[in-house]
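First up is the structure itself, then whatever we jot down about it.
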Amino acid sequence: MTLHPQDFPPALPLSPQVLIIGAGLSGLACALKLLKAEIPFLLLEASDAPGGRVRTDEADGFLLDRGFQVYLDAYPEAGRLLDLPALNLRPFSPGALVFHRGKMHRVMDVFRRPGSLVPSALAPIGTISDKLRVALLKWRAHRSSLAEIAARPDCSTLGYLRGFGFSEEMIDVFFRSFYGGIFLERELRTSSRMFEFTFKMFSAGSATLPAGGMGEITRQLAARLPAGCLRLNSPVVALSPGSATLASGEIIAAGQIVVATDAATSAKLLPGFFPSPVAWRAVTNLYYTSSKSPINEPIIALNGSGEGLVNNVCVLSDVSRAYAPPGQHLISVSVLGLDDRPDLPAAVIGELAAWFGPEVRGWRHLRTDRIEHALPEQLPGGGKFPSPTPGLYLCGDYQTSASIEGAIISGHETAESLIRHFNRTT
């Protein structure tokens with residue numbers, strides 16, 4: 001994604017009072033709320049474009065998101081900030097294909113696709129009792145507010161599912177693969193509050209893709225910034241009370257500083273503040289092209305076998321045709337963790353031939369992204385890190401929930417704290 005001067009509105013006559021480090025979703029959300037409150041700010045971004053982990057690259061007519069991502073259109077805070085109609089969101093089918101016992105099986109949300117009731121009930125993915133429990137879980141999610149979910153006792157997702165009565169087979173075949181793609185870990189060690197939050201969002205709406213790629217979310221937000229408020233290619237290497245030092249040696253003074261970088265970068269900028277190393281979940285994402293889609297519908301395919309490299313597969317061009325040029329399809333494959341074996345693209349093809357047949361061997365490998373810092377670890381009992389010192393704020397999805405919604409909420413909460421600060425001092 002490339003931003004041009006015409007993408008930005010006219011400059012406002014502002015002198016920075018707040019310095020925001022990091023133009024990911026949290027930093028952008030914080031900046032836009034400060035803009036509305038007429039509080040001057042300067043937003044610094046280390047890379048060549050805003051967006052952080054939510055970016056889309058263009059290559060040979062293909063749109064390549066940086067790792068497989070979706071936008072859940074039930075997100076309340078993100079929905080209020082974004083112009084969703086302008087994103088032209090393209091929905092996934094409400095369900096999944098699950099590769100299990102050597103075959104592909106269809107498991108759908110029968111409340112939205114009642115015609116799939118019989119095949120979903122007969123699919124060898126858990127028991128009838130498990131499927132009734134999914135309905136009960138959906139009912140519970142519908143009746144629970146986000147505040148109620150956040151206040152519940154916390155445990156691992158695995159512990160929560162077992163406590164809810166799901167069979168080990170249902171957990172192993174469905175939940176480990178489906179939530180493996182969301183949490184980027186199949187052990188289901190993630191906080192049960194995070195599980196309930198995401199389950200509610202999936203139940204209340206659809207998983208979607210902006211028609212022009214996930215980076216359109218960032219582009220839309222960045223286009224609202226006044227010219228001169230965002231500086232790219234400006235990495236910060238050191239912080240001190242009231243100032244930040246750039247890699248160029250330039251020192252920028254500001255009374256209030258927001259560190260809106262990812263958790264790992266924040267820990268480097270604030271040595272000794274974080275009580276333990278910030279843990280991350282990694283993913284290896286592979287892109288392939290083909291003249292024929294192996295799925296032919298906007299749905300995710302999951303590995304329910306418990307074996308092999310691949311966790312999930314999606315044909316992005318089945319969701320939005322803009323992801324691939326005419327006559328071509330773009331296939332995204334997720335392998336959990338960092339896999340640096342040189343033969344990985346071929347190994348994945350060999351594995352997926354069992355899923356989709358020998359035509360897979362005609363796919364062309366386009367790119368592999370090994371994303372070390374894909375999601376911050378969110379274990380039971382986690383909470384926010386407090387501000388290290390007055391005038392310094394921590395902002396990011398690791399402070400709320402590891403999601404687009406969490407990133408935007410953190411940006412807004414940080415801006416609200418700054419607004420209260422300036423209201424007290426004026």
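Each chain in the structure tokens gets a letter, A, B, ..., in the order shown, and its residues are numbered from 1; ligands are numbered from 1 in order too.
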* To do: Go through stretch 288-384 of chain A and collect every residue that DSSP, computed from the backbone, puts in strand (DSSP E); the answer should be as number ranges by chain.
  => A: 288-290, 300-303, 312-315, 329-336, 364-376
* To do: Using DSSP on the backbone, list every residue of stretch 143-388 of chain A that comes out as helix (DSSP H, G or I), and give them as a ChimeraX atom specification.
  => /A:143,146-151,157-164,168-183,192-204,215-222,263-269,316-319,321-323,344-356,358-362
* Asked: To one decimal place, how far is atom CA of A:Tyr71 from atom CA of A:Gly382 in Å?
  ->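 The value is 24.0 Å.
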Residue neighbourhood A:Val70, 7 Å, only C-alpha atoms, exclusion window fewer than 6 positions, as a PDB file with N, CA and C atoms, in the first residue's frame:
```pdb
ATOM      1  N   ALA A 207     -16.981 -12.875   9.584  1.00  0.00           N
ATOM      2  CA  ALA A 207     -15.588 -12.636   9.240  1.00  0.00           C
ATOM      3  C   ALA A 207     -15.563 -12.109   7.810  1.00  0.00           C
ATOM      4  N   THR A 208     -14.813 -11.037   7.583  1.00  0.00           N
ATOM      5  CA  THR A 208     -14.819 -10.387   6.274  1.00  0.00           C
ATOM      6  C   THR A 208     -13.407 -10.006   5.855  1.00  0.00           C
ATOM      7  N   LEU A 209     -13.302  -9.613   4.596  1.00  0.00           N
ATOM      8  CA  LEU A 209     -12.105  -8.966   4.060  1.00  0.00           C
ATOM      9  C   LEU A 209     -12.541  -7.695   3.345  1.00  0.00           C
TER      10      LEU A 209
END
```
* To do: For A:Tyr160, please output as a PyMOL selection string all residues within 10 Å (counting only C-alpha atoms; exclusion window: fewer than 3 positions along the same chain).
  => chain A and resi 154-157+163-166+188+191-193+195-196
Would you mind exporting C-alpha atoms of the selected residues as a short mmCIF file (atom, residue, chain, number, x, y, z; two decimals), in the first residue's frame?
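Wrote selection32.cif, looks like this:
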```cif
data_model
loop_
_atom_site.label_atom_id
_atom_site.label_comp_id
_atom_site.auth_asym_id
_atom_site.auth_seq_id
_atom_site.Cartn_x
_atom_site.Cartn_y
_atom_site.Cartn_z
CA ASP A 154 -10.34 -16.28 33.65
CA CYS A 155 -8.77 -19.58 32.67
CA SER A 156 -7.26 -21.13 29.56
CA THR A 157 -9.49 -21.64 26.53
CA GLY A 163 -15.60 -27.11 31.64
CA PHE A 164 -18.39 -26.39 29.15
CA GLY A 165 -18.60 -30.12 28.45
CA PHE A 166 -17.10 -30.40 24.97
CA LEU A 188 -5.55 -23.33 23.54
CA SER A 191 -7.32 -16.52 28.00
CA SER A 192 -10.93 -17.77 28.07
CA ARG A 193 -12.05 -14.13 28.09
CA PHE A 195 -12.09 -16.85 23.50
CA GLU A 196 -15.51 -15.64 24.64
#
```
* Can you pull out every residue within 7 Å of stretch 370-376 of chain A, counting only C-alpha atoms, but drop anything in the same chain fewer than 6 positions away, and send it as a list in words? => Ala279, Trp280, Arg281, Ala282, Val283, Thr284, Asn285, Leu338, Tyr398 and Ala402 of chain A
Residues from last step as file, C-alpha atoms, as a short mmCIF file (atom, residue, chain, number, x, y, z; two decimals), in the first residue's frame:
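Contents of the output file again16.cif:
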```cif
data_model
loop_
_atom_site.label_atom_id
_atom_site.label_comp_id
_atom_site.auth_asym_id
_atom_site.auth_seq_id
_atom_site.Cartn_x
_atom_site.Cartn_y
_atom_site.Cartn_z
CA ALA A 279 5.96 -13.24 24.59
CA TRP A 280 4.78 -13.42 21.00
CA ARG A 281 3.06 -15.90 18.75
CA ALA A 282 4.55 -16.40 15.32
CA VAL A 283 3.16 -17.63 12.04
CA THR A 284 4.56 -18.59 8.66
CA ASN A 285 2.25 -17.58 5.83
CA LEU A 338 8.37 -19.86 12.43
CA TYR A 398 -1.36 -6.08 24.07
CA ALA A 402 -4.94 -9.04 20.53
#
```
* Within 7 Å of stretch 50-57 of chain A, counting only C-alpha atoms, which residues show up once you throw out same-chain ones fewer than 5 positions away? Write them as a VMD selection string, please. => chain A and resid 1 23 to 25 45 63 to 66 213 to 215 218
Given the selection you just returned, output its residues as a file containing N, CA and C atoms, formatted as a PDB file, in the first residue's frame.
```pdb
ATOM      1  N   MET A   1       0.854  -1.198   0.000  1.00  0.00           N
ATOM      2  CA  MET A   1       0.000   0.000   0.000  1.00  0.00           C
ATOM      3  C   MET A   1       0.881   1.235   0.000  1.00  0.00           C
ATOM      4  N   ALA A  23       2.645   4.188  14.014  1.00  0.00           N
ATOM      5  CA  ALA A  23       1.428   4.482  13.257  1.00  0.00           C
ATOM      6  C   ALA A  23       0.706   3.208  12.851  1.00  0.00           C
ATOM      7  N   GLY A  24       0.648   2.239  13.785  1.00  0.00           N
ATOM      8  CA  GLY A  24      -0.240   1.108  13.592  1.00  0.00           C
ATOM      9  C   GLY A  24      -1.657   1.527  13.931  1.00  0.00           C
ATOM     10  N   LEU A  25      -2.553   0.558  14.069  1.00  0.00           N
ATOM     11  CA  LEU A  25      -3.950   0.899  14.313  1.00  0.00           C
ATOM     12  C   LEU A  25      -4.139   1.647  15.624  1.00  0.00           C
ATOM     13  N   GLU A  45       6.447   7.117  12.468  1.00  0.00           N
ATOM     14  CA  GLU A  45       6.402   5.715  12.051  1.00  0.00           C
ATOM     15  C   GLU A  45       7.771   5.302  11.534  1.00  0.00           C
ATOM     16  N   LEU A  63      -2.892  -9.023  -4.275  1.00  0.00           N
ATOM     17  CA  LEU A  63      -2.894  -8.292  -3.007  1.00  0.00           C
ATOM     18  C   LEU A  63      -2.474  -9.249  -1.907  1.00  0.00           C
ATOM     19  N   LEU A  64      -1.339  -8.947  -1.267  1.00  0.00           N
ATOM     20  CA  LEU A  64      -0.759  -9.849  -0.275  1.00  0.00           C
ATOM     21  C   LEU A  64      -0.810  -9.195   1.099  1.00  0.00           C
ATOM     22  N   ASP A  65      -1.782  -9.602   1.908  1.00  0.00           N
ATOM     23  CA  ASP A  65      -1.811  -9.156   3.293  1.00  0.00           C
ATOM     24  C   ASP A  65      -0.616  -9.756   4.021  1.00  0.00           C
ATOM     25  N   ARG A  66      -0.168  -9.072   5.039  1.00  0.00           N
ATOM     26  CA  ARG A  66       0.992  -9.571   5.792  1.00  0.00           C
ATOM     27  C   ARG A  66       0.534 -10.575   6.845  1.00  0.00           C
ATOM     28  N   GLY A 213      -8.220  -5.509   0.172  1.00  0.00           N
ATOM     29  CA  GLY A 213      -7.161  -5.985   1.053  1.00  0.00           C
ATOM     30  C   GLY A 213      -7.260  -5.371   2.438  1.00  0.00           C
ATOM     31  N   MET A 214      -6.676  -6.046   3.420  1.00  0.00           N
ATOM     32  CA  MET A 214      -6.740  -5.586   4.799  1.00  0.00           C
ATOM     33  C   MET A 214      -6.093  -4.219   4.980  1.00  0.00           C
ATOM     34  N   GLY A 215      -5.129  -3.903   4.141  1.00  0.00           N
ATOM     35  CA  GLY A 215      -4.467  -2.610   4.242  1.00  0.00           C
ATOM     36  C   GLY A 215      -5.381  -1.433   3.970  1.00  0.00           C
ATOM     37  N   THR A 218      -6.121   0.535   7.150  1.00  0.00           N
ATOM     38  CA  THR A 218      -5.098   1.517   7.491  1.00  0.00           C
ATOM     39  C   THR A 218      -5.161   2.733   6.572  1.00  0.00           C
TER      40      THR A 218
END
```
* Excluding A:Ser167 and any residue of its chain fewer than 6 positions from it, enumerate the residues within 9 Å of it, using only C-alpha atoms, and give them as a list in words. => Gly126, Thr127, Ser129, Asp130 and Leu161 of chain A
* Using only C-alpha atoms, pick whichever of A:Leu286, A:Cys314, A:Ile257, A:Ile128 has the shortest atom-to-atom distance to A:Leu366. =>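 Among A:Leu286, A:Cys314, A:Ile257, A:Ile128, it is A:Leu286 that comes nearest to A:Leu366.
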* Distance criterion (only C-alpha atoms): nearest to A:Ile21 out of A:Val98, A:Leu352, A:Leu316, A:Val258 -> A:Val258
* Structure fact -> Between A:Val259, A:Val315, A:Ala96, A:Val310, smallest distance to A:Val348 by only C-alpha atoms belongs to A:Val310
* Asked: What gap, in Å, lies between atom CA of A:Pro326 and atom CA of A:Glu359?
  ->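 The value is 19.4 Å.
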* Between A:Val107, A:Cys30, A:Leu81, A:Ala223, which one has atoms that come closest to A:Ser417, using only C-alpha atoms? ->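 Distance minimum relative to A:Ser417 lands on A:Cys30.
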* Can you work out which one of A:Phe41, A:Phe183, A:Phe174, A:Phe62 has the shortest atom-to-atom distance to A:Ser317, counting only C-alpha atoms? =>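 Using only C-alpha atoms, the shortest distance to A:Ser317 belongs to A:Phe62.
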Write out as a tab-separated table the residues of stretch 30-58 of chain A that have any atom within 7 Å of an atom of stretch 227-238 of chain A, one row each with the nearest atom pair and its distance in Å to one decimal, counting only C-alpha atoms, sorted by chain and then rising number.
```
residue	atom	partner	partner_atom	distance
A:Phe41	CA	A:Cys229	CA	6.7
A:Leu42	CA	A:Cys229	CA	4.9
A:Leu43	CA	A:Leu230	CA	4.7
A:Leu44	CA	A:Arg231	CA	5.0
A:Glu45	CA	A:Leu232	CA	4.8
A:Ala46	CA	A:Pro235	CA	3.9
A:Ser47	CA	A:Asn233	CA	4.9
A:Asp48	CA	A:Asn233	CA	5.3
A:Ala49	CA	A:Leu232	CA	6.3
```
* To do: Pick out the closest residue to A:Pro153 from this set: A:Phe99, A:Met194, A:Gly411, A:Ser206. Count only C-alpha atoms.
  => A:Met194
* **Distance in Å - atom CA of A:Val18 versus atom CA of A:Pro76** =>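 Atom CA of A:Pro76 lies at a distance of 26.7 Å from atom CA of A:Val18.
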